[in-house]
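Right, one structure below, let's go through it.
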There are 2 protein chains.
Amino acid sequence: MNKIDIDEKLSLFDDHWSPRIVAELNGQEVKLAKFHGAFDWHAHADEDEMFLVLHGTFTMEFRDRSVTLAPGQMIVVPKGVEHRPVAETECAVMMIEPAGLVNTGDAERSDRTTTGKWI
Amino acid sequence: MNKIDIDEKLSLFDDHWSPRIVAELNGQEVKLAKFHGAFDWHAHADEDEMFLVLHGTFTMEFRDRSVTLAPGQMIVVPKGVEHRPVAETECAVMMIEPAGLVNTGDAERSDRTTTGKWI
């Protein structure tokens, strides 16, 4: 029940595609991440994911279209839907998803694969 | 899988303590609300609630202390914990909580009692 300051948490890390967990509620985790470049195409079989842009912009690519998001804009990617976030410049994002979710979903594991870590 | 613009959604309503649902994921709802004044003391027996300030400030009062939140700051109120949000001036807040949650929790029902409605 402490105050969580998003920008303060964002100042604690610089690496891209490496979500940091800042809160948990009802089995969901609230994660912060910095995007830059293109992530791997993947889907999550059983988990919906929410993305809210905090700073910068990124594009959520789907197989048939794409959605570009600016600060204060969000999207929910339903379970089973292939997606790939792409950020031409660095973008800070809040994500909400079930605890323990693997960021690369059903894609082959890579050095980016993680469930996130608490900060 | 459409873009949700938070400020656009906030422009659609003016009433206080009346959450609007803007997204659903994994059984949780993402709600937007405008706070002004003091809400009712209450707790939710089985549901955690997250509050993220978008505009303005408010204070989450607990029985033994209080936490004041500004834009970009958030708090999770665990299930079972009595709380009361108080906003001296209007404050816009994002809330994440289980679908169907009643805003006044275990408090006596009032004309503010609602589970929110989609916009």
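Chain labels follow the order of the structure tokens: the first chain is A, the next B, and so on; residue numbering restarts at 1 in every chain, and ligands are counted from 1 in their shown order.
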Superimpose chain A on chain B so that the squared distances between all in-order C-alpha pairs are minimised, and send the result as an mmCIF file with N, CA and C atoms, in the first residue's frame.
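What landed in out_1.cif:
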data_model
loop_
_atom_site.group_PDB
_atom_site.id
_atom_site.type_symbol
_atom_site.label_atom_id
_atom_site.label_comp_id
_atom_site.auth_asym_id
_atom_site.auth_seq_id
_atom_site.Cartn_x
_atom_site.Cartn_y
_atom_site.Cartn_z
ATOM 1 N N MET A 1 -9.061 -4.877 -30.312
ATOM 2 C CA MET A 1 -7.690 -4.529 -30.676
ATOM 3 C C MET A 1 -7.634 -3.140 -31.297
ATOM 4 N N ASN A 2 -8.470 -2.270 -30.761
ATOM 5 C CA ASN A 2 -8.448 -0.884 -31.221
ATOM 6 C C ASN A 2 -7.714 -0.024 -30.216
ATOM 7 N N LYS A 3 -7.226 1.100 -30.708
ATOM 8 C CA LYS A 3 -6.569 2.075 -29.854
ATOM 9 C C LYS A 3 -7.596 2.675 -28.896
ATOM 10 N N ILE A 4 -7.227 2.797 -27.630
ATOM 11 C CA ILE A 4 -8.082 3.449 -26.636
ATOM 12 C C ILE A 4 -7.342 4.698 -26.173
ATOM 13 N N ASP A 5 -7.949 5.851 -26.411
ATOM 14 C CA ASP A 5 -7.320 7.121 -26.038
ATOM 15 C C ASP A 5 -7.938 7.593 -24.724
ATOM 16 N N ILE A 6 -7.131 7.649 -23.679
ATOM 17 C CA ILE A 6 -7.663 7.914 -22.345
ATOM 18 C C ILE A 6 -8.301 9.291 -22.252
ATOM 19 N N ASP A 7 -7.629 10.315 -22.758
ATOM 20 C CA ASP A 7 -8.209 11.662 -22.645
ATOM 21 C C ASP A 7 -9.496 11.792 -23.463
ATOM 22 N N GLU A 8 -9.543 11.104 -24.575
ATOM 23 C CA GLU A 8 -10.782 11.122 -25.365
ATOM 24 C C GLU A 8 -11.918 10.488 -24.560
ATOM 25 N N LYS A 9 -11.639 9.400 -23.908
ATOM 26 C CA LYS A 9 -12.670 8.754 -23.078
ATOM 27 C C LYS A 9 -13.070 9.653 -21.905
ATOM 28 N N LEU A 10 -12.075 10.313 -21.295
ATOM 29 C CA LEU A 10 -12.390 11.192 -20.156
ATOM 30 C C LEU A 10 -13.276 12.366 -20.581
ATOM 31 N N SER A 11 -13.164 12.769 -21.854
ATOM 32 C CA SER A 11 -13.961 13.919 -22.321
ATOM 33 C C SER A 11 -15.433 13.565 -22.485
ATOM 34 N N LEU A 12 -15.750 12.280 -22.392
ATOM 35 C CA LEU A 12 -17.124 11.833 -22.650
ATOM 36 C C LEU A 12 -18.032 11.882 -21.424
ATOM 37 N N PHE A 13 -17.448 12.199 -20.264
ATOM 38 C CA PHE A 13 -18.304 12.247 -19.071
ATOM 39 C C PHE A 13 -17.749 13.248 -18.064
ATOM 40 N N ASP A 14 -18.651 13.747 -17.225
ATOM 41 C CA ASP A 14 -18.285 14.782 -16.255
ATOM 42 C C ASP A 14 -18.622 14.393 -14.826
ATOM 43 N N ASP A 15 -19.417 13.374 -14.639
ATOM 44 C CA ASP A 15 -19.872 13.071 -13.280
ATOM 45 C C ASP A 15 -18.773 12.403 -12.453
ATOM 46 N N HIS A 16 -18.894 12.578 -11.150
ATOM 47 C CA HIS A 16 -17.879 12.087 -10.224
ATOM 48 C C HIS A 16 -18.285 10.745 -9.618
ATOM 49 N N TRP A 17 -17.278 9.949 -9.304
ATOM 50 C CA TRP A 17 -17.483 8.661 -8.622
ATOM 51 C C TRP A 17 -18.331 7.701 -9.441
ATOM 52 N N SER A 18 -18.254 7.821 -10.759
ATOM 53 C CA SER A 18 -19.054 6.962 -11.636
ATOM 54 C C SER A 18 -18.134 6.343 -12.691
ATOM 55 N N PRO A 19 -17.506 5.236 -12.358
ATOM 56 C CA PRO A 19 -16.473 4.673 -13.242
ATOM 57 C C PRO A 19 -17.031 4.256 -14.601
ATOM 58 N N ARG A 20 -16.236 4.511 -15.631
ATOM 59 C CA ARG A 20 -16.541 4.054 -16.979
ATOM 60 C C ARG A 20 -15.538 2.975 -17.356
ATOM 61 N N ILE A 21 -16.027 1.902 -17.915
ATOM 62 C CA ILE A 21 -15.182 0.773 -18.314
ATOM 63 C C ILE A 21 -14.691 1.015 -19.737
ATOM 64 N N VAL A 22 -13.378 0.897 -19.937
ATOM 65 C CA VAL A 22 -12.827 1.137 -21.273
ATOM 66 C C VAL A 22 -12.141 -0.100 -21.854
ATOM 67 N N ALA A 23 -11.877 -1.103 -21.025
ATOM 68 C CA ALA A 23 -11.210 -2.306 -21.534
ATOM 69 C C ALA A 23 -11.392 -3.442 -20.535
ATOM 70 N N GLU A 24 -11.209 -4.666 -21.033
ATOM 71 C CA GLU A 24 -11.276 -5.863 -20.189
ATOM 72 C C GLU A 24 -10.151 -6.783 -20.597
ATOM 73 N N LEU A 25 -9.485 -7.367 -19.618
ATOM 74 C CA LEU A 25 -8.471 -8.377 -19.919
ATOM 75 C C LEU A 25 -8.365 -9.337 -18.745
ATOM 76 N N ASN A 26 -8.354 -10.616 -19.045
ATOM 77 C CA ASN A 26 -8.149 -11.657 -18.026
ATOM 78 C C ASN A 26 -9.100 -11.510 -16.839
ATOM 79 N N GLY A 27 -10.330 -11.128 -17.113
ATOM 80 C CA GLY A 27 -11.315 -11.006 -16.046
ATOM 81 C C GLY A 27 -11.223 -9.717 -15.250
ATOM 82 N N GLN A 28 -10.288 -8.864 -15.615
ATOM 83 C CA GLN A 28 -10.165 -7.554 -14.969
ATOM 84 C C GLN A 28 -10.771 -6.490 -15.884
ATOM 85 N N GLU A 29 -11.279 -5.434 -15.274
ATOM 86 C CA GLU A 29 -11.747 -4.302 -16.067
ATOM 87 C C GLU A 29 -10.860 -3.094 -15.812
ATOM 88 N N VAL A 30 -10.636 -2.336 -16.877
ATOM 89 C CA VAL A 30 -9.921 -1.064 -16.787
ATOM 90 C C VAL A 30 -10.981 0.025 -16.804
ATOM 91 N N LYS A 31 -11.008 0.815 -15.741
ATOM 92 C CA LYS A 31 -12.044 1.835 -15.584
ATOM 93 C C LYS A 31 -11.402 3.207 -15.470
ATOM 94 N N LEU A 32 -12.119 4.203 -15.954
ATOM 95 C CA LEU A 32 -11.723 5.596 -15.752
ATOM 96 C C LEU A 32 -12.783 6.254 -14.885
ATOM 97 N N ALA A 33 -12.337 7.107 -13.966
ATOM 98 C CA ALA A 33 -13.308 7.803 -13.117
ATOM 99 C C ALA A 33 -12.777 9.181 -12.775
ATOM 100 N N LYS A 34 -13.706 10.069 -12.459
ATOM 101 C CA LYS A 34 -13.355 11.393 -11.964
ATOM 102 C C LYS A 34 -13.778 11.464 -10.500
ATOM 103 N N PHE A 35 -12.825 11.831 -9.677
ATOM 104 C CA PHE A 35 -13.066 11.944 -8.234
ATOM 105 C C PHE A 35 -13.192 13.422 -7.874
ATOM 106 N N HIS A 36 -14.084 13.737 -6.960
ATOM 107 C CA HIS A 36 -14.132 15.075 -6.370
ATOM 108 C C HIS A 36 -14.883 14.955 -5.049
ATOM 109 N N GLY A 37 -14.233 15.398 -3.982
ATOM 110 C CA GLY A 37 -14.830 15.239 -2.666
ATOM 111 C C GLY A 37 -14.368 13.952 -2.015
ATOM 112 N N ALA A 38 -15.146 13.495 -1.045
ATOM 113 C CA ALA A 38 -14.775 12.287 -0.291
ATOM 114 C C ALA A 38 -15.735 11.158 -0.650
ATOM 115 N N PHE A 39 -15.191 9.989 -0.929
ATOM 116 C CA PHE A 39 -16.012 8.813 -1.206
ATOM 117 C C PHE A 39 -16.358 8.125 0.118
ATOM 118 N N ASP A 40 -17.080 7.034 0.052
ATOM 119 C CA ASP A 40 -17.464 6.288 1.251
ATOM 120 C C ASP A 40 -16.315 5.379 1.703
ATOM 121 N N TRP A 41 -16.149 5.250 3.014
ATOM 122 C CA TRP A 41 -15.253 4.229 3.546
ATOM 123 C C TRP A 41 -15.783 2.856 3.150
ATOM 124 N N HIS A 42 -14.904 1.996 2.646
ATOM 125 C CA HIS A 42 -15.342 0.655 2.277
ATOM 126 C C HIS A 42 -14.124 -0.247 2.096
ATOM 127 N N ALA A 43 -14.401 -1.532 1.964
ATOM 128 C CA ALA A 43 -13.372 -2.515 1.603
ATOM 129 C C ALA A 43 -14.005 -3.498 0.620
ATOM 130 N N HIS A 44 -13.149 -4.215 -0.109
ATOM 131 C CA HIS A 44 -13.615 -5.273 -1.003
ATOM 132 C C HIS A 44 -13.050 -6.582 -0.454
ATOM 133 N N ALA A 45 -13.938 -7.498 -0.091
ATOM 134 C CA ALA A 45 -13.497 -8.695 0.622
ATOM 135 C C ALA A 45 -12.494 -9.526 -0.174
ATOM 136 N N ASP A 46 -12.704 -9.626 -1.477
ATOM 137 C CA ASP A 46 -11.913 -10.574 -2.265
ATOM 138 C C ASP A 46 -11.167 -9.954 -3.438
ATOM 139 N N GLU A 47 -11.208 -8.647 -3.575
ATOM 140 C CA GLU A 47 -10.636 -8.027 -4.771
ATOM 141 C C GLU A 47 -9.595 -6.974 -4.410
ATOM 142 N N ASP A 48 -8.435 -7.075 -5.058
ATOM 143 C CA ASP A 48 -7.456 -5.996 -5.014
ATOM 144 C C ASP A 48 -7.866 -4.934 -6.042
ATOM 145 N N GLU A 49 -7.474 -3.698 -5.757
ATOM 146 C CA GLU A 49 -7.800 -2.596 -6.674
ATOM 147 C C GLU A 49 -6.550 -1.754 -6.916
ATOM 148 N N MET A 50 -6.342 -1.390 -8.160
ATOM 149 C CA MET A 50 -5.225 -0.490 -8.496
ATOM 150 C C MET A 50 -5.769 0.866 -8.926
ATOM 151 N N PHE A 51 -5.111 1.912 -8.477
ATOM 152 C CA PHE A 51 -5.473 3.293 -8.818
ATOM 153 C C PHE A 51 -4.243 3.980 -9.399
ATOM 154 N N LEU A 52 -4.383 4.547 -10.592
ATOM 155 C CA LEU A 52 -3.310 5.312 -11.234
ATOM 156 C C LEU A 52 -3.847 6.703 -11.548
ATOM 157 N N VAL A 53 -3.173 7.732 -11.036
ATOM 158 C CA VAL A 53 -3.646 9.106 -11.284
ATOM 159 C C VAL A 53 -3.252 9.554 -12.690
ATOM 160 N N LEU A 54 -4.238 10.087 -13.409
ATOM 161 C CA LEU A 54 -4.022 10.604 -14.764
ATOM 162 C C LEU A 54 -3.893 12.127 -14.757
ATOM 163 N N HIS A 55 -4.791 12.779 -14.060
ATOM 164 C CA HIS A 55 -4.786 14.241 -13.944
ATOM 165 C C HIS A 55 -5.209 14.602 -12.523
ATOM 166 N N GLY A 56 -4.608 15.674 -11.976
ATOM 167 C CA GLY A 56 -4.978 16.113 -10.639
ATOM 168 C C GLY A 56 -4.311 15.274 -9.565
ATOM 169 N N THR A 57 -4.804 15.392 -8.363
ATOM 170 C CA THR A 57 -4.264 14.603 -7.253
ATOM 171 C C THR A 57 -5.422 14.126 -6.385
ATOM 172 N N PHE A 58 -5.199 13.034 -5.675
ATOM 173 C CA PHE A 58 -6.142 12.629 -4.633
ATOM 174 C C PHE A 58 -5.385 11.905 -3.537
ATOM 175 N N THR A 59 -6.054 11.790 -2.413
ATOM 176 C CA THR A 59 -5.457 11.101 -1.271
ATOM 177 C C THR A 59 -6.228 9.827 -0.984
ATOM 178 N N MET A 60 -5.508 8.700 -0.911
ATOM 179 C CA MET A 60 -6.144 7.455 -0.487
ATOM 180 C C MET A 60 -5.980 7.371 1.031
ATOM 181 N N GLU A 61 -7.105 7.488 1.709
ATOM 182 C CA GLU A 61 -7.078 7.390 3.163
ATOM 183 C C GLU A 61 -7.243 5.935 3.587
ATOM 184 N N PHE A 62 -6.391 5.516 4.527
ATOM 185 C CA PHE A 62 -6.562 4.241 5.212
ATOM 186 C C PHE A 62 -6.880 4.572 6.664
ATOM 187 N N ARG A 63 -7.230 3.588 7.462
ATOM 188 C CA ARG A 63 -7.623 3.873 8.840
ATOM 189 C C ARG A 63 -6.463 4.399 9.664
ATOM 190 N N ASP A 64 -5.233 4.065 9.250
ATOM 191 C CA ASP A 64 -4.075 4.454 10.062
ATOM 192 C C ASP A 64 -3.116 5.420 9.388
ATOM 193 N N ARG A 65 -3.390 5.758 8.125
ATOM 194 C CA ARG A 65 -2.489 6.672 7.412
ATOM 195 C C ARG A 65 -3.128 7.042 6.099
ATOM 196 N N SER A 66 -2.458 7.881 5.321
ATOM 197 C CA SER A 66 -2.990 8.241 4.009
ATOM 198 C C SER A 66 -1.844 8.440 3.031
ATOM 199 N N VAL A 67 -2.154 8.285 1.743
ATOM 200 C CA VAL A 67 -1.156 8.388 0.679
ATOM 201 C C VAL A 67 -1.706 9.325 -0.390
ATOM 202 N N THR A 68 -0.980 10.406 -0.672
ATOM 203 C CA THR A 68 -1.412 11.358 -1.693
ATOM 204 C C THR A 68 -0.699 11.051 -3.002
ATOM 205 N N LEU A 69 -1.484 10.996 -4.071
ATOM 206 C CA LEU A 69 -0.975 10.577 -5.378
ATOM 207 C C LEU A 69 -1.151 11.673 -6.414
ATOM 208 N N ALA A 70 -0.101 11.894 -7.210
ATOM 209 C CA ALA A 70 -0.101 12.863 -8.307
ATOM 210 C C ALA A 70 -0.080 12.104 -9.637
ATOM 211 N N PRO A 71 -0.183 12.794 -10.765
ATOM 212 C CA PRO A 71 -0.165 12.093 -12.054
ATOM 213 C C PRO A 71 1.079 11.219 -12.221
ATOM 214 N N GLY A 72 0.879 10.024 -12.730
ATOM 215 C CA GLY A 72 1.988 9.087 -12.905
ATOM 216 C C GLY A 72 2.310 8.296 -11.645
ATOM 217 N N GLN A 73 1.490 8.459 -10.622
ATOM 218 C CA GLN A 73 1.696 7.695 -9.386
ATOM 219 C C GLN A 73 0.496 6.770 -9.175
ATOM 220 N N MET A 74 0.748 5.615 -8.598
ATOM 221 C CA MET A 74 -0.293 4.605 -8.440
ATOM 222 C C MET A 74 -0.161 3.905 -7.097
ATOM 223 N N ILE A 75 -1.224 3.177 -6.762
ATOM 224 C CA ILE A 75 -1.231 2.399 -5.527
ATOM 225 C C ILE A 75 -2.127 1.183 -5.738
ATOM 226 N N VAL A 76 -1.793 0.100 -5.073
ATOM 227 C CA VAL A 76 -2.673 -1.068 -5.055
ATOM 228 C C VAL A 76 -3.252 -1.186 -3.648
ATOM 229 N N VAL A 77 -4.569 -1.251 -3.566
ATOM 230 C CA VAL A 77 -5.244 -1.469 -2.286
ATOM 231 C C VAL A 77 -5.602 -2.950 -2.222
ATOM 232 N N PRO A 78 -4.972 -3.700 -1.313
ATOM 233 C CA PRO A 78 -5.246 -5.142 -1.248
ATOM 234 C C PRO A 78 -6.668 -5.422 -0.745
ATOM 235 N N LYS A 79 -7.164 -6.581 -1.127
ATOM 236 C CA LYS A 79 -8.484 -6.997 -0.661
ATOM 237 C C LYS A 79 -8.553 -6.923 0.856
ATOM 238 N N GLY A 80 -9.720 -6.529 1.333
ATOM 239 C CA GLY A 80 -9.948 -6.526 2.770
ATOM 240 C C GLY A 80 -9.506 -5.269 3.492
ATOM 241 N N VAL A 81 -8.823 -4.371 2.801
ATOM 242 C CA VAL A 81 -8.300 -3.177 3.465
ATOM 243 C C VAL A 81 -9.278 -2.010 3.279
ATOM 244 N N GLU A 82 -9.714 -1.452 4.401
ATOM 245 C CA GLU A 82 -10.624 -0.305 4.336
ATOM 246 C C GLU A 82 -9.906 0.898 3.746
ATOM 247 N N HIS A 83 -10.598 1.586 2.872
ATOM 248 C CA HIS A 83 -9.997 2.759 2.237
ATOM 249 C C HIS A 83 -11.087 3.744 1.828
ATOM 250 N N ARG A 84 -10.641 4.977 1.608
ATOM 251 C CA ARG A 84 -11.554 6.037 1.182
ATOM 252 C C ARG A 84 -10.759 7.042 0.352
ATOM 253 N N PRO A 85 -11.049 7.145 -0.953
ATOM 254 C CA PRO A 85 -10.387 8.171 -1.758
ATOM 255 C C PRO A 85 -11.020 9.543 -1.517
ATOM 256 N N VAL A 86 -10.172 10.550 -1.417
ATOM 257 C CA VAL A 86 -10.613 11.930 -1.183
ATOM 258 C C VAL A 86 -9.864 12.840 -2.161
ATOM 259 N N ALA A 87 -10.613 13.651 -2.898
ATOM 260 C CA ALA A 87 -10.000 14.585 -3.855
ATOM 261 C C ALA A 87 -10.500 15.986 -3.568
ATOM 262 N N GLU A 88 -9.593 16.861 -3.160
ATOM 263 C CA GLU A 88 -10.011 18.238 -2.841
ATOM 264 C C GLU A 88 -10.425 18.982 -4.100
ATOM 265 N N THR A 89 -9.742 18.691 -5.204
ATOM 266 C CA THR A 89 -10.158 19.210 -6.509
ATOM 267 C C THR A 89 -10.316 18.017 -7.436
ATOM 268 N N GLU A 90 -10.938 18.234 -8.589
ATOM 269 C CA GLU A 90 -11.228 17.097 -9.459
ATOM 270 C C GLU A 90 -9.949 16.365 -9.862
ATOM 271 N N CYS A 91 -10.046 15.070 -9.899
ATOM 272 C CA CYS A 91 -8.913 14.198 -10.204
ATOM 273 C C CYS A 91 -9.400 13.089 -11.129
ATOM 274 N N ALA A 92 -8.643 12.809 -12.190
ATOM 275 C CA ALA A 92 -8.990 11.718 -13.105
ATOM 276 C C ALA A 92 -8.087 10.521 -12.821
ATOM 277 N N VAL A 93 -8.694 9.359 -12.720
ATOM 278 C CA VAL A 93 -8.007 8.159 -12.236
ATOM 279 C C VAL A 93 -8.326 6.970 -13.147
ATOM 280 N N MET A 94 -7.312 6.135 -13.372
ATOM 281 C CA MET A 94 -7.538 4.826 -13.985
ATOM 282 C C MET A 94 -7.551 3.787 -12.872
ATOM 283 N N MET A 95 -8.520 2.892 -12.924
ATOM 284 C CA MET A 95 -8.604 1.816 -11.942
ATOM 285 C C MET A 95 -8.584 0.474 -12.666
ATOM 286 N N ILE A 96 -7.942 -0.497 -12.048
ATOM 287 C CA ILE A 96 -7.975 -1.863 -12.571
ATOM 288 C C ILE A 96 -8.423 -2.765 -11.436
ATOM 289 N N GLU A 97 -9.437 -3.577 -11.724
ATOM 290 C CA GLU A 97 -10.066 -4.384 -10.680
ATOM 291 C C GLU A 97 -10.879 -5.482 -11.356
ATOM 292 N N PRO A 98 -11.264 -6.511 -10.624
ATOM 293 C CA PRO A 98 -12.019 -7.606 -11.246
ATOM 294 C C PRO A 98 -13.338 -7.114 -11.850
ATOM 295 N N ALA A 99 -13.703 -7.678 -12.981
ATOM 296 C CA ALA A 99 -14.952 -7.326 -13.636
ATOM 297 C C ALA A 99 -16.114 -7.512 -12.668
ATOM 298 N N GLY A 100 -17.010 -6.554 -12.675
ATOM 299 C CA GLY A 100 -18.208 -6.656 -11.859
ATOM 300 C C GLY A 100 -18.058 -6.114 -10.456
ATOM 301 N N LEU A 101 -16.873 -5.631 -10.106
ATOM 302 C CA LEU A 101 -16.658 -5.107 -8.753
ATOM 303 C C LEU A 101 -17.591 -3.928 -8.473
ATOM 304 N N VAL A 102 -18.177 -3.945 -7.280
ATOM 305 C CA VAL A 102 -19.057 -2.861 -6.838
ATOM 306 C C VAL A 102 -18.196 -1.799 -6.158
ATOM 307 N N ASN A 103 -18.312 -0.552 -6.601
ATOM 308 C CA ASN A 103 -17.362 0.473 -6.147
ATOM 309 C C ASN A 103 -17.437 0.747 -4.652
ATOM 310 N N THR A 104 -18.601 0.574 -4.057
ATOM 311 C CA THR A 104 -18.724 0.855 -2.623
ATOM 312 C C THR A 104 -18.446 -0.375 -1.750
ATOM 313 N N GLY A 105 -18.070 -1.485 -2.379
ATOM 314 C CA GLY A 105 -17.638 -2.664 -1.628
ATOM 315 C C GLY A 105 -18.644 -3.101 -0.589
ATOM 316 N N ASP A 106 -18.158 -3.189 0.664
ATOM 317 C CA ASP A 106 -18.996 -3.690 1.754
ATOM 318 C C ASP A 106 -19.779 -2.574 2.449
ATOM 319 N N ALA A 107 -19.663 -1.354 1.967
ATOM 320 C CA ALA A 107 -20.416 -0.249 2.569
ATOM 321 C C ALA A 107 -21.889 -0.353 2.184
ATOM 322 N N GLU A 108 -22.727 0.314 2.941
ATOM 323 C CA GLU A 108 -24.144 0.339 2.606
ATOM 324 C C GLU A 108 -24.324 0.923 1.203
ATOM 325 N N ARG A 109 -25.221 0.349 0.422
ATOM 326 C CA ARG A 109 -25.444 0.851 -0.939
ATOM 327 C C ARG A 109 -25.889 2.311 -0.875
ATOM 328 N N SER A 110 -25.432 3.094 -1.841
ATOM 329 C CA SER A 110 -25.837 4.495 -1.909
ATOM 330 C C SER A 110 -26.140 4.827 -3.361
ATOM 331 N N ASP A 111 -26.501 6.082 -3.633
ATOM 332 C CA ASP A 111 -26.771 6.438 -5.032
ATOM 333 C C ASP A 111 -25.485 6.470 -5.860
ATOM 334 N N ARG A 112 -24.367 6.283 -5.198
ATOM 335 C CA ARG A 112 -23.104 6.199 -5.936
ATOM 336 C C ARG A 112 -22.764 4.754 -6.304
ATOM 337 N N THR A 113 -23.446 3.805 -5.710
ATOM 338 C CA THR A 113 -23.076 2.397 -5.889
ATOM 339 C C THR A 113 -23.260 1.969 -7.346
ATOM 340 N N THR A 114 -22.208 1.402 -7.927
ATOM 341 C CA THR A 114 -22.266 0.985 -9.325
ATOM 342 C C THR A 114 -21.156 -0.016 -9.615
ATOM 343 N N THR A 115 -21.354 -0.790 -10.672
ATOM 344 C CA THR A 115 -20.274 -1.635 -11.175
ATOM 345 C C THR A 115 -19.606 -0.987 -12.387
ATOM 346 N N GLY A 116 -20.022 0.239 -12.708
ATOM 347 C CA GLY A 116 -19.463 0.925 -13.868
ATOM 348 C C GLY A 116 -20.218 0.590 -15.135
ATOM 349 N N LYS A 117 -20.004 1.403 -16.167
ATOM 350 C CA LYS A 117 -20.615 1.080 -17.458
ATOM 351 C C LYS A 117 -19.625 1.353 -18.581
ATOM 352 N N TRP A 118 -19.754 0.616 -19.646
ATOM 353 C CA TRP A 118 -18.832 0.732 -20.783
ATOM 354 C C TRP A 118 -19.039 2.041 -21.530
ATOM 355 N N ILE A 119 -17.944 2.636 -21.936
ATOM 356 C CA ILE A 119 -18.015 3.741 -22.895
ATOM 357 C C ILE A 119 -17.045 3.439 -24.028
#
Legend entry - DSSP-assigned strand (DSSP E or B) among chain B, expressed as a PyMOL selection string: chain B and resi 4-5+20-25+28-38+42+49-55+58-61+66-69+73-77+83-98+117-118
Inset, instruction - Return as a ChimeraX atom specification the full set of residues in chain A whose backbone-based DSSP assignment is alpha helix (DSSP H). - result: /A:6-10
